[in-house]
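*Asks:* This is the structure I have questions about; it appears just below.
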There are 2 protein chains.
Amino acid sequence: MQKLTRKEQIERTATALFKSKGFAATSMRDLATALGIEAASIYSHIKSKEEILQRVCFRMADEFFEAIDVAEDKRKTASNRLRAAVAAHVQVLTNNTEASAVFLHEWRHLSEPLHGEFLALRDKYEARFRGIIRSGIQNGEFSVPDEKFAALTVLSALNWIHTWYKPEGKMTPLEIANSLSEMLLNGLTSK
Amino acid sequence: MQKLTRKEQIERTATALFKSKGFAATSMRDLATALGIEAASIYSHIKSKEEILQRVCFRMADEFFEAIDVAEDKRKTASNRLRAAVAAHVQVLTNNTEASAVFLHEWRHLSEPLHGEFLALRDKYEARFRGIIRSGIQNGEFSVPDEKFAALTVLSALNWIHTWYKPEGKMTPLEIANSLSEMLLNGLTSK
DNA sequence: TAAATTTGCTAACGGATGTTAGGAAACGTA
DNA sequence: TACGTTTCCTAACATCCGTTAGCAAATTTA
């Protein structure tokens, strides 16, 4: 257990509140109470409420990109690249369930230009999945009518995990990733 | 185009705002401005801000149940029951994109006991999908390790639609439903 | 021990929030 | 035309909001 700066403690507590109540419904006084201090004291460490949201959203974006950068190997088959991307994505999600929920749902409370920058990053990330699926279609591994539709469906199947995943649950992140890859690649039907 | 009561107009406008800005970030004065009246005037038609949220959430719950009740036919194969349930779900989602977004994301701003009642309904609905998958596993049609996990993955793949679906887009709701069923039942891999 | 930094406080600001009270036009119906 | 209902208004309430100013204790660093 590493030592956290006060600013990191604030971010962490805020992230938990943002996940459970939402950004807009979490007041600085709620956050202060959760930290055991006064609301005004928070401003010795951060500039604004939005700064917290910004840091969480963009840090998670970084994490997702780093994970997929490590996982993706263009020499592998499209199926194996998708398996690796799914595993990487699930690892990040399960390692940071609260920050992931904020990343997935609270980014819209960012004001411009952050809002636009965030959306651009998200598009770029989705494009990575589209690229994998496109190459699978081109070499005949995959058969799907619409590459973008398939990519969004894959990601949406992954992005529900944070709502139910508990570290103490019966499935490990790796098992979850394997089950999802299996289901996305081969479907429910018995072969 | 049927004639709407003022209360229905208020609900409809509020639903659009709740989807785009979120329940907590939408003020009664925002809603009033969108309607072209004063905030206080709204209270001639509704009791509270939460009443609007409640009505939207529970009406959509009704719609989802009605749709799956009509679609499900226990004499069909599990595959075809799943196809029908997916098509029903997609129809409701695409017919009410804004109310669906509220149903999926804003229900957590309901206070007790509504919050609990809503969750119970949602569990009951998910159980319908679990039931279909369970019967498919039992008769050998499906092969998946965890019935609950599979059901949640199916629903999560469906529940992203409202974020991108536009009635004027190139895919019809039926095409979307067919693509999704195909992908969920048979996966991405070519046969 | 002295200086610098971190952490927190009280008090208060200007504005936004959901909602109520009480009244007045406008409208449909008898 | 009279009556009940629908619709909307102004004014105001109590409370909550994010944030700032100014200051003091505590902790870390030199």
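In the structure tokens, chains take the letters A, B, ... in the order shown, each chain's residues start at 1, and ligands count up from 1 in the order shown.
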Can you tell me, as a PDB file with N, CA, C and O atoms (P, O5', C5', C4', C3', O3' and C1' of nucleotides), in the first residue's frame, what residues are no more than 12 Å from D:DG4 when counting only C-alpha atoms (C1' of nucleotides), ignoring any on the same chain fewer than 6 positions away?

*Replies:*
ATOM      1  P    DC C  27     -57.697  31.221 -25.365  1.00  0.00           P
ATOM      2  O5'  DC C  27     -58.486  29.928 -24.888  1.00  0.00           O
ATOM      3  C5'  DC C  27     -57.824  28.991 -24.031  1.00  0.00           C
ATOM      4  C4'  DC C  27     -58.828  27.957 -23.552  1.00  0.00           C
ATOM      5  C3'  DC C  27     -59.946  27.676 -24.559  1.00  0.00           C
ATOM      6  O3'  DC C  27     -59.996  26.291 -24.805  1.00  0.00           O
ATOM      7  C1'  DC C  27     -60.837  28.104 -22.386  1.00  0.00           C
ATOM      8  P    DG C  28     -60.911  25.693 -26.038  1.00  0.00           P
ATOM      9  O5'  DG C  28     -61.883  24.717 -25.271  1.00  0.00           O
ATOM     10  C5'  DG C  28     -61.344  23.781 -24.337  1.00  0.00           C
ATOM     11  C4'  DG C  28     -62.455  23.249 -23.445  1.00  0.00           C
ATOM     12  C3'  DG C  28     -63.683  22.743 -24.211  1.00  0.00           C
ATOM     13  O3'  DG C  28     -64.139  21.545 -23.575  1.00  0.00           O
ATOM     14  C1'  DG C  28     -64.329  24.470 -22.713  1.00  0.00           C
ATOM     15  P    DT C  29     -65.408  20.748 -24.177  1.00  0.00           P
ATOM     16  O5'  DT C  29     -66.559  21.150 -23.161  1.00  0.00           O
ATOM     17  C5'  DT C  29     -66.350  20.955 -21.757  1.00  0.00           C
ATOM     18  C4'  DT C  29     -67.578  21.401 -20.982  1.00  0.00           C
ATOM     19  C3'  DT C  29     -68.907  20.955 -21.602  1.00  0.00           C
ATOM     20  O3'  DT C  29     -69.775  20.512 -20.566  1.00  0.00           O
ATOM     21  C1'  DT C  29     -68.917  23.296 -21.287  1.00  0.00           C
ATOM     22  P    DA C  30     -71.015  19.624 -20.984  1.00  0.00           P
ATOM     23  O5'  DA C  30     -72.208  20.388 -20.272  1.00  0.00           O
ATOM     24  C5'  DA C  30     -72.049  20.801 -18.906  1.00  0.00           C
ATOM     25  C4'  DA C  30     -73.111  21.838 -18.578  1.00  0.00           C
ATOM     26  C3'  DA C  30     -74.384  21.692 -19.397  1.00  0.00           C
ATOM     27  O3'  DA C  30     -75.342  20.889 -18.678  1.00  0.00           O
ATOM     28  C1'  DA C  30     -73.637  23.974 -19.409  1.00  0.00           C
TER      29       DA C  30
END

*Asks:* Would you mind listing, as a list in words, all residues of chain C that have at least one atom within 12 Å of chain B, where only C-alpha atoms (C1' of nucleotides) are what counts?

*Replies:*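 That gives the following set of residues: DA16, DT17, DG18, DT19, DT20 and DA21 of chain C.
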
*Asks:* Taking a cut-off of 12 Å and counting only C-alpha atoms (C1' of nucleotides), can you build a table that, for each residue of chain B near chain D, reports the nearest atom pair and how far apart they are in Å (one decimal), sorted by chain then residue number, as JSON lines?

*Replies:*
{"residue": "B:Thr5", "atom": "CA", "partner": "D:DT6", "partner_atom": "C1'", "distance": 10.4}
{"residue": "B:Arg6", "atom": "CA", "partner": "D:DT7", "partner_atom": "C1'", "distance": 8.9}
{"residue": "B:Lys7", "atom": "CA", "partner": "D:DT7", "partner_atom": "C1'", "distance": 11.0}
{"residue": "B:Ala32", "atom": "CA", "partner": "D:DC8", "partner_atom": "C1'", "distance": 11.4}
{"residue": "B:Leu35", "atom": "CA", "partner": "D:DC8", "partner_atom": "C1'", "distance": 11.8}
{"residue": "B:Gly36", "atom": "CA", "partner": "D:DC8", "partner_atom": "C1'", "distance": 10.6}
{"residue": "B:Ile37", "atom": "CA", "partner": "D:DC8", "partner_atom": "C1'", "distance": 7.4}
{"residue": "B:Glu38", "atom": "CA", "partner": "D:DC8", "partner_atom": "C1'", "distance": 7.7}
{"residue": "B:Ala39", "atom": "CA", "partner": "D:DC8", "partner_atom": "C1'", "distance": 10.0}
{"residue": "B:Ala40", "atom": "CA", "partner": "D:DC9", "partner_atom": "C1'", "distance": 8.6}
{"residue": "B:Ser41", "atom": "CA", "partner": "D:DC8", "partner_atom": "C1'", "distance": 5.6}
{"residue": "B:Ile42", "atom": "CA", "partner": "D:DC8", "partner_atom": "C1'", "distance": 8.8}
{"residue": "B:Tyr43", "atom": "CA", "partner": "D:DC8", "partner_atom": "C1'", "distance": 10.2}
{"residue": "B:Ser44", "atom": "CA", "partner": "D:DT7", "partner_atom": "C1'", "distance": 7.7}
{"residue": "B:His45", "atom": "CA", "partner": "D:DT7", "partner_atom": "C1'", "distance": 9.0}

*Asks:* Residues as selected, all heavy atoms, written as a tab-separated table (two decimals), in the first residue's frame, can you do that?

*Replies:*
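Generated file (part-v7.tsv):
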chain	number	residue	atom	x	y	z
B	5	THR	N	-51.67	16.11	-23.69
B	5	THR	CA	-52.00	16.99	-22.56
B	5	THR	C	-50.75	17.77	-22.21
B	5	THR	O	-49.62	17.41	-22.57
B	5	THR	CB	-52.44	16.18	-21.34
B	5	THR	OG1	-51.32	15.42	-20.87
B	5	THR	CG2	-53.57	15.23	-21.68
B	6	ARG	N	-50.95	18.86	-21.48
B	6	ARG	CA	-49.80	19.68	-21.09
B	6	ARG	C	-48.83	18.86	-20.25
B	6	ARG	O	-47.63	18.98	-20.37
B	6	ARG	CB	-50.32	20.88	-20.28
B	6	ARG	CG	-49.33	22.04	-20.23
B	6	ARG	CD	-49.13	22.63	-21.61
B	6	ARG	NE	-48.29	23.81	-21.60
B	6	ARG	CZ	-47.10	23.90	-22.19
B	6	ARG	NH1	-46.61	22.84	-22.82
B	6	ARG	NH2	-46.42	25.02	-22.18
B	7	LYS	N	-49.39	18.01	-19.41
B	7	LYS	CA	-48.55	17.17	-18.56
B	7	LYS	C	-47.67	16.26	-19.40
B	7	LYS	O	-46.48	16.07	-19.10
B	7	LYS	CB	-49.44	16.34	-17.62
B	7	LYS	CG	-48.66	15.49	-16.64
B	7	LYS	CD	-49.56	15.00	-15.51
B	7	LYS	CE	-48.76	14.21	-14.47
B	7	LYS	NZ	-49.59	13.81	-13.32
B	32	ALA	N	-38.46	24.77	-17.73
B	32	ALA	CA	-39.44	25.82	-18.01
B	32	ALA	C	-39.06	26.60	-19.26
B	32	ALA	O	-39.90	26.87	-20.12
B	32	ALA	CB	-39.55	26.75	-16.81
B	35	LEU	N	-39.85	24.89	-22.33
B	35	LEU	CA	-41.29	24.85	-22.59
B	35	LEU	C	-41.83	26.25	-22.90
B	35	LEU	O	-42.99	26.39	-23.31
B	35	LEU	CB	-42.03	24.29	-21.36
B	35	LEU	CG	-41.88	22.80	-21.09
B	35	LEU	CD1	-42.22	22.47	-19.64
B	35	LEU	CD2	-42.77	22.00	-22.03
B	36	GLY	N	-41.01	27.27	-22.67
B	36	GLY	CA	-41.46	28.64	-22.91
B	36	GLY	C	-42.33	29.20	-21.82
B	36	GLY	O	-43.14	30.10	-22.06
B	37	ILE	N	-42.22	28.69	-20.61
B	37	ILE	CA	-43.02	29.20	-19.49
B	37	ILE	C	-42.12	29.44	-18.28
B	37	ILE	O	-40.91	29.29	-18.37
B	37	ILE	CB	-44.17	28.23	-19.10
B	37	ILE	CG1	-43.59	26.87	-18.72
B	37	ILE	CG2	-45.17	28.10	-20.24
B	37	ILE	CD1	-44.64	25.88	-18.25
B	38	GLU	N	-42.71	29.84	-17.17
B	38	GLU	CA	-41.96	30.04	-15.93
B	38	GLU	C	-41.89	28.74	-15.14
B	38	GLU	O	-42.80	27.90	-15.23
B	38	GLU	CB	-42.62	31.12	-15.08
B	38	GLU	CG	-42.57	32.50	-15.70
B	38	GLU	CD	-41.14	33.00	-15.88
B	38	GLU	OE1	-40.36	32.84	-14.93
B	38	GLU	OE2	-40.83	33.55	-16.95
B	39	ALA	N	-40.83	28.62	-14.34
B	39	ALA	CA	-40.63	27.38	-13.59
B	39	ALA	C	-41.82	27.06	-12.68
B	39	ALA	O	-42.26	25.91	-12.60
B	39	ALA	CB	-39.36	27.47	-12.78
B	40	ALA	N	-42.31	28.08	-12.02
B	40	ALA	CA	-43.40	27.84	-11.07
B	40	ALA	C	-44.65	27.29	-11.75
B	40	ALA	O	-45.43	26.55	-11.14
B	40	ALA	CB	-43.72	29.13	-10.33
B	41	SER	N	-44.82	27.63	-13.03
B	41	SER	CA	-46.03	27.21	-13.76
B	41	SER	C	-46.10	25.70	-13.91
B	41	SER	O	-47.18	25.11	-14.04
B	41	SER	CB	-46.06	27.85	-15.14
B	41	SER	OG	-45.96	29.25	-15.03
B	42	ILE	N	-44.94	25.07	-13.92
B	42	ILE	CA	-44.90	23.62	-14.10
B	42	ILE	C	-45.67	22.92	-12.98
B	42	ILE	O	-46.28	21.87	-13.19
B	42	ILE	CB	-43.43	23.13	-14.14
B	42	ILE	CG1	-42.71	23.78	-15.33
B	42	ILE	CG2	-43.37	21.62	-14.27
B	42	ILE	CD1	-41.22	23.49	-15.36
B	43	TYR	N	-45.67	23.55	-11.81
B	43	TYR	CA	-46.28	22.91	-10.64
B	43	TYR	C	-47.80	22.94	-10.65
B	43	TYR	O	-48.43	22.41	-9.74
B	43	TYR	CB	-45.71	23.51	-9.36
B	43	TYR	CG	-44.27	23.10	-9.14
B	43	TYR	CD1	-43.22	23.80	-9.71
B	43	TYR	CD2	-43.97	21.96	-8.41
B	43	TYR	CE1	-41.91	23.41	-9.54
B	43	TYR	CE2	-42.66	21.55	-8.23
B	43	TYR	CZ	-41.63	22.28	-8.79
B	43	TYR	OH	-40.34	21.88	-8.63
B	44	SER	N	-48.39	23.54	-11.69
B	44	SER	CA	-49.83	23.38	-11.87
B	44	SER	C	-50.15	22.01	-12.45
B	44	SER	O	-51.30	21.58	-12.44
B	44	SER	CB	-50.36	24.44	-12.82
B	44	SER	OG	-50.13	25.73	-12.31
B	45	HIS	N	-49.09	21.33	-12.95
B	45	HIS	CA	-49.32	20.06	-13.66
B	45	HIS	C	-48.68	18.86	-13.01
B	45	HIS	O	-49.14	17.74	-13.18
B	45	HIS	CB	-48.82	20.19	-15.10
B	45	HIS	CG	-49.37	21.37	-15.82
B	45	HIS	ND1	-50.60	21.36	-16.44
B	45	HIS	CD2	-48.90	22.63	-15.99
B	45	HIS	CE1	-50.85	22.54	-16.97
B	45	HIS	NE2	-49.83	23.34	-16.71

*Asks:* So that I can check the surroundings of A:Gln54, please list as a VMD selection string every protein, DNA and RNA residue that reaches within 12 Å of it, counting only C-alpha atoms (C1' of nucleotides) and ignoring chain neighbours fewer than 2 positions away.

*Replies:* chain A and resid 11 14 to 15 23 46 to 52 56 to 61 99 102 to 103 106 to 115 117 to 118

*Asks:* At most 6 Å is the cut-off: for each residue in chain B with any atom that close to an atom of chain A, write down the nearest atom pair and the distance in Å rounded to one decimal, counting only C-alpha atoms, chain first then increasing number, as CSV.

*Replies:*
residue,atom,partner,partner_atom,distance
B:Ala24,CA,A:Ala25,CA,5.6
B:Ala25,CA,A:Ala24,CA,5.7
B:Glu141,CA,A:Ser190,CA,5.8
B:Phe142,CA,A:Thr189,CA,4.5
B:Ser143,CA,A:Ser190,CA,4.9
B:Thr153,CA,A:Ala157,CA,5.4
B:Ser156,CA,A:Ala157,CA,5.1
B:Ala157,CA,A:Ala157,CA,4.5
B:Trp160,CA,A:Ser156,CA,5.9
B:Leu184,CA,A:Gly187,CA,5.0
B:Leu185,CA,A:Gly187,CA,4.4
B:Asn186,CA,A:Gly187,CA,4.1
B:Gly187,CA,A:Gly187,CA,4.0
B:Leu188,CA,A:Leu185,CA,4.7
B:Thr189,CA,A:Phe142,CA,4.5
B:Ser190,CA,A:Phe142,CA,4.9

*Asks:* I need the residues from that last selection saved to file as a CSV table (one decimal), in the first residue's frame (with all heavy atoms), if you can.

*Replies:*
chain,number,residue,atom,x,y,z
B,24,ALA,N,-30.0,15.3,-12.6
B,24,ALA,CA,-29.5,16.2,-11.5
B,24,ALA,C,-29.1,17.5,-12.1
B,24,ALA,O,-29.2,18.6,-11.5
B,24,ALA,CB,-28.4,15.6,-10.7
B,25,ALA,N,-28.6,17.5,-13.3
B,25,ALA,CA,-28.0,18.7,-13.9
B,25,ALA,C,-29.1,19.5,-14.7
B,25,ALA,O,-28.8,20.5,-15.3
B,25,ALA,CB,-26.9,18.4,-14.9
B,141,GLU,N,-29.0,-26.4,-26.8
B,141,GLU,CA,-28.8,-25.4,-27.9
B,141,GLU,C,-27.7,-24.4,-27.7
B,141,GLU,O,-27.0,-24.1,-28.6
B,141,GLU,CB,-30.1,-24.6,-28.0
B,141,GLU,CG,-31.2,-25.2,-28.9
B,141,GLU,CD,-32.4,-24.2,-28.9
B,141,GLU,OE1,-32.3,-23.2,-29.7
B,141,GLU,OE2,-33.4,-24.4,-28.2
B,142,PHE,N,-27.5,-24.0,-26.4
B,142,PHE,CA,-26.5,-23.1,-26.0
B,142,PHE,C,-25.4,-23.8,-25.3
B,142,PHE,O,-25.6,-24.8,-24.6
B,142,PHE,CB,-27.1,-21.9,-25.2
B,142,PHE,CG,-28.1,-21.1,-25.9
B,142,PHE,CD1,-29.0,-20.3,-25.1
B,142,PHE,CD2,-28.2,-21.1,-27.2
B,142,PHE,CE1,-29.9,-19.5,-25.7
B,142,PHE,CE2,-29.2,-20.3,-27.9
B,142,PHE,CZ,-30.0,-19.5,-27.1
B,143,SER,N,-24.2,-23.2,-25.4
B,143,SER,CA,-23.1,-23.7,-24.5
B,143,SER,C,-22.4,-22.5,-23.9
B,143,SER,O,-21.6,-21.8,-24.6
B,143,SER,CB,-22.2,-24.6,-25.3
B,143,SER,OG,-20.9,-24.1,-25.5
B,153,THR,N,-24.6,-10.0,-20.4
B,153,THR,CA,-23.8,-9.5,-21.6
B,153,THR,C,-24.7,-9.3,-22.7
B,153,THR,O,-24.5,-8.3,-23.5
B,153,THR,CB,-22.8,-10.6,-21.9
B,153,THR,OG1,-21.9,-10.9,-20.8
B,153,THR,CG2,-21.9,-10.2,-23.1
B,156,SER,N,-26.4,-6.0,-22.1
B,156,SER,CA,-25.5,-4.8,-22.2
B,156,SER,C,-25.2,-4.5,-23.7
B,156,SER,O,-25.0,-3.4,-24.0
B,156,SER,CB,-24.2,-5.0,-21.4
B,156,SER,OG,-23.5,-6.1,-21.9
B,157,ALA,N,-25.1,-5.6,-24.5
B,157,ALA,CA,-24.9,-5.3,-25.9
B,157,ALA,C,-26.1,-4.6,-26.5
B,157,ALA,O,-25.9,-3.8,-27.4
B,157,ALA,CB,-24.6,-6.6,-26.6
B,160,TRP,N,-26.7,-0.3,-25.5
B,160,TRP,CA,-25.9,0.8,-26.0
B,160,TRP,C,-26.5,1.5,-27.2
B,160,TRP,O,-26.1,2.6,-27.6
B,160,TRP,CB,-24.5,0.3,-26.4
B,160,TRP,CG,-23.3,1.2,-26.0
B,160,TRP,CD1,-22.5,1.8,-26.9
B,160,TRP,CD2,-22.9,1.5,-24.7
B,160,TRP,NE1,-21.6,2.5,-26.2
B,160,TRP,CE2,-21.8,2.3,-24.9
B,160,TRP,CE3,-23.3,1.1,-23.4
B,160,TRP,CZ2,-21.0,2.8,-23.8
B,160,TRP,CZ3,-22.6,1.7,-22.4
B,160,TRP,CH2,-21.5,2.5,-22.5
B,184,LEU,N,-24.9,-12.3,-31.4
B,184,LEU,CA,-24.9,-12.9,-30.0
B,184,LEU,C,-25.0,-14.4,-30.1
B,184,LEU,O,-24.4,-15.1,-29.3
B,184,LEU,CB,-26.1,-12.3,-29.3
B,184,LEU,CG,-25.9,-10.8,-28.9
B,184,LEU,CD1,-27.2,-10.3,-28.4
B,184,LEU,CD2,-24.8,-10.7,-27.8
B,185,LEU,N,-25.7,-14.9,-31.1
B,185,LEU,CA,-25.9,-16.4,-31.2
B,185,LEU,C,-24.7,-17.0,-31.9
B,185,LEU,O,-24.3,-18.1,-31.4
B,185,LEU,CB,-27.2,-16.7,-32.0
B,185,LEU,CG,-28.5,-16.4,-31.3
B,185,LEU,CD1,-29.7,-16.5,-32.2
B,185,LEU,CD2,-28.7,-17.4,-30.1
B,186,ASN,N,-24.2,-16.4,-32.9
B,186,ASN,CA,-23.1,-17.1,-33.7
B,186,ASN,C,-21.7,-16.4,-33.6
B,186,ASN,O,-20.8,-17.0,-34.1
B,186,ASN,CB,-23.5,-17.2,-35.1
B,186,ASN,CG,-24.8,-18.1,-35.3
B,186,ASN,OD1,-24.9,-19.1,-34.6
B,186,ASN,ND2,-25.7,-17.6,-36.1
B,187,GLY,N,-21.7,-15.3,-33.0
B,187,GLY,CA,-20.3,-14.6,-32.9
B,187,GLY,C,-19.8,-14.0,-34.1
B,187,GLY,O,-20.5,-14.0,-35.2
B,188,LEU,N,-18.6,-13.4,-34.0
B,188,LEU,CA,-18.0,-12.7,-35.2
B,188,LEU,C,-17.4,-13.7,-36.2
B,188,LEU,O,-17.3,-13.4,-37.4
B,188,LEU,CB,-16.9,-11.8,-34.6
B,188,LEU,CG,-17.3,-10.6,-33.7
B,188,LEU,CD1,-16.1,-10.0,-33.1
B,188,LEU,CD2,-18.1,-9.6,-34.5
B,189,THR,N,-17.0,-14.9,-35.7
B,189,THR,CA,-16.2,-15.8,-36.5
B,189,THR,C,-17.0,-16.4,-37.7
B,189,THR,O,-18.1,-16.7,-37.5
B,189,THR,CB,-15.7,-16.9,-35.6
B,189,THR,OG1,-15.0,-16.4,-34.5
B,189,THR,CG2,-14.7,-17.8,-36.4
B,190,SER,N,-16.3,-16.4,-38.8
B,190,SER,CA,-17.0,-17.0,-40.0
B,190,SER,C,-17.1,-18.5,-39.8
B,190,SER,O,-16.3,-19.2,-39.1
B,190,SER,CB,-16.1,-16.8,-41.2
B,190,SER,OG,-15.7,-15.5,-41.4

*Asks:* Would you give me, as an mmCIF file with N, CA and C atoms, in the first residue's frame, the residues in stretch 123-160 of chain B that DSSP reads as alpha helix (DSSP H)?

*Replies:*
data_model
loop_
_atom_site.group_PDB
_atom_site.id
_atom_site.type_symbol
_atom_site.label_atom_id
_atom_site.label_comp_id
_atom_site.auth_asym_id
_atom_site.auth_seq_id
_atom_site.Cartn_x
_atom_site.Cartn_y
_atom_site.Cartn_z
ATOM 1 N N ASP B 123 -34.613 -6.393 -12.150
ATOM 2 C CA ASP B 123 -34.169 -7.775 -11.903
ATOM 3 C C ASP B 123 -35.127 -8.768 -12.539
ATOM 4 N N LYS B 124 -36.417 -8.484 -12.403
ATOM 5 C CA LYS B 124 -37.427 -9.383 -12.951
ATOM 6 C C LYS B 124 -37.292 -9.466 -14.472
ATOM 7 N N TYR B 125 -37.007 -8.324 -15.070
ATOM 8 C CA TYR B 125 -36.855 -8.297 -16.531
ATOM 9 C C TYR B 125 -35.607 -9.070 -16.960
ATOM 10 N N GLU B 126 -34.519 -8.850 -16.255
ATOM 11 C CA GLU B 126 -33.301 -9.594 -16.568
ATOM 12 C C GLU B 126 -33.520 -11.097 -16.416
ATOM 13 N N ALA B 127 -34.362 -11.455 -15.452
ATOM 14 C CA ALA B 127 -34.636 -12.881 -15.223
ATOM 15 C C ALA B 127 -35.313 -13.517 -16.432
ATOM 16 N N ARG B 128 -36.074 -12.730 -17.175
ATOM 17 C CA ARG B 128 -36.698 -13.271 -18.382
ATOM 18 C C ARG B 128 -35.633 -13.705 -19.375
ATOM 19 N N PHE B 129 -34.616 -12.891 -19.546
ATOM 20 C CA PHE B 129 -33.529 -13.250 -20.453
ATOM 21 C C PHE B 129 -32.739 -14.438 -19.898
ATOM 22 N N ARG B 130 -32.513 -14.427 -18.591
ATOM 23 C CA ARG B 130 -31.824 -15.565 -17.982
ATOM 24 C C ARG B 130 -32.584 -16.848 -18.225
ATOM 25 N N GLY B 131 -33.911 -16.766 -18.130
ATOM 26 C CA GLY B 131 -34.733 -17.960 -18.335
ATOM 27 C C GLY B 131 -34.572 -18.524 -19.733
ATOM 28 N N ILE B 132 -34.561 -17.663 -20.698
ATOM 29 C CA ILE B 132 -34.398 -18.125 -22.087
ATOM 30 C C ILE B 132 -33.050 -18.816 -22.244
ATOM 31 N N ILE B 133 -32.020 -18.186 -21.698
ATOM 32 C CA ILE B 133 -30.680 -18.755 -21.845
ATOM 33 C C ILE B 133 -30.555 -20.068 -21.085
ATOM 34 N N ARG B 134 -31.178 -20.115 -19.916
ATOM 35 C CA ARG B 134 -31.123 -21.351 -19.133
ATOM 36 C C ARG B 134 -31.749 -22.512 -19.908
ATOM 37 N N SER B 135 -32.912 -22.263 -20.506
ATOM 38 C CA SER B 135 -33.572 -23.358 -21.220
ATOM 39 C C SER B 135 -32.755 -23.764 -22.438
ATOM 40 N N GLY B 136 -32.044 -22.807 -23.027
ATOM 41 C CA GLY B 136 -31.178 -23.147 -24.150
ATOM 42 C C GLY B 136 -29.988 -23.992 -23.730
ATOM 43 N N ILE B 137 -29.496 -23.721 -22.532
ATOM 44 C CA ILE B 137 -28.393 -24.538 -22.008
ATOM 45 C C ILE B 137 -28.892 -25.951 -21.718
ATOM 46 N N GLN B 138 -30.091 -26.032 -21.110
ATOM 47 C CA GLN B 138 -30.617 -27.335 -20.699
ATOM 48 C C GLN B 138 -30.905 -28.254 -21.891
ATOM 49 N N GLU B 147 -25.029 -18.708 -16.851
ATOM 50 C CA GLU B 147 -26.285 -18.192 -17.406
ATOM 51 C C GLU B 147 -26.497 -16.716 -17.076
ATOM 52 N N LYS B 148 -26.210 -16.332 -15.845
ATOM 53 C CA LYS B 148 -26.428 -14.940 -15.462
ATOM 54 C C LYS B 148 -25.462 -14.011 -16.209
ATOM 55 N N PHE B 149 -24.234 -14.444 -16.288
ATOM 56 C CA PHE B 149 -23.222 -13.682 -17.010
ATOM 57 C C PHE B 149 -23.624 -13.488 -18.470
ATOM 58 N N ALA B 150 -24.103 -14.552 -19.089
ATOM 59 C CA ALA B 150 -24.514 -14.473 -20.498
ATOM 60 C C ALA B 150 -25.679 -13.506 -20.671
ATOM 61 N N ALA B 151 -26.648 -13.601 -19.771
ATOM 62 C CA ALA B 151 -27.823 -12.735 -19.896
ATOM 63 C C ALA B 151 -27.433 -11.264 -19.761
ATOM 64 N N LEU B 152 -26.562 -10.966 -18.791
ATOM 65 C CA LEU B 152 -26.146 -9.575 -18.600
ATOM 66 C C LEU B 152 -25.358 -9.078 -19.801
ATOM 67 N N THR B 153 -24.555 -9.954 -20.390
ATOM 68 C CA THR B 153 -23.786 -9.540 -21.562
ATOM 69 C C THR B 153 -24.708 -9.252 -22.745
ATOM 70 N N VAL B 154 -25.706 -10.108 -22.918
ATOM 71 C CA VAL B 154 -26.672 -9.872 -23.994
ATOM 72 C C VAL B 154 -27.350 -8.524 -23.809
ATOM 73 N N LEU B 155 -27.850 -8.280 -22.606
ATOM 74 C CA LEU B 155 -28.564 -7.025 -22.367
ATOM 75 C C LEU B 155 -27.645 -5.819 -22.519
ATOM 76 N N SER B 156 -26.399 -5.965 -22.088
ATOM 77 C CA SER B 156 -25.502 -4.816 -22.203
ATOM 78 C C SER B 156 -25.168 -4.521 -23.658
ATOM 79 N N ALA B 157 -25.106 -5.553 -24.474
ATOM 80 C CA ALA B 157 -24.868 -5.324 -25.902
ATOM 81 C C ALA B 157 -26.054 -4.575 -26.523
ATOM 82 N N LEU B 158 -27.255 -4.830 -26.006
ATOM 83 C CA LEU B 158 -28.439 -4.160 -26.547
ATOM 84 C C LEU B 158 -28.555 -2.717 -26.047
#

*Asks:* Please identify all polymer residues within 9 Å of A:Glu98, counting only C-alpha atoms (C1' of nucleotides), omitting same-chain residues fewer than 6 positions from it, and present them as a PyMOL selection string.

*Replies:* chain A and resi 12+15-20+162

*Asks:* Keeping N, CA and C atoms for every residue in the selection just given, could you write it to a file as a tab-separated table (two decimals), in the first residue's frame?

*Replies:*
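To be explicit, this is the file written out as out-v7.tsv:
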chain	number	residue	atom	x	y	z
A	12	ARG	N	-9.72	10.10	-5.12
A	12	ARG	CA	-10.23	8.75	-4.94
A	12	ARG	C	-11.61	8.76	-4.28
A	15	THR	N	-14.12	10.10	-6.71
A	15	THR	CA	-14.46	9.11	-7.73
A	15	THR	C	-15.54	8.16	-7.24
A	16	ALA	N	-15.40	7.71	-6.00
A	16	ALA	CA	-16.41	6.80	-5.44
A	16	ALA	C	-17.77	7.48	-5.38
A	17	LEU	N	-17.79	8.74	-4.98
A	17	LEU	CA	-19.06	9.47	-4.91
A	17	LEU	C	-19.64	9.72	-6.29
A	18	PHE	N	-18.77	10.09	-7.23
A	18	PHE	CA	-19.24	10.35	-8.60
A	18	PHE	C	-19.86	9.09	-9.17
A	19	LYS	N	-19.27	7.94	-8.87
A	19	LYS	CA	-19.84	6.70	-9.39
A	19	LYS	C	-21.21	6.44	-8.77
A	20	SER	N	-21.30	6.58	-7.45
A	20	SER	CA	-22.55	6.14	-6.81
A	20	SER	C	-23.67	7.17	-6.93
A	162	HIS	N	-18.48	-2.96	-15.02
A	162	HIS	CA	-18.26	-2.17	-13.80
A	162	HIS	C	-19.49	-2.11	-12.92
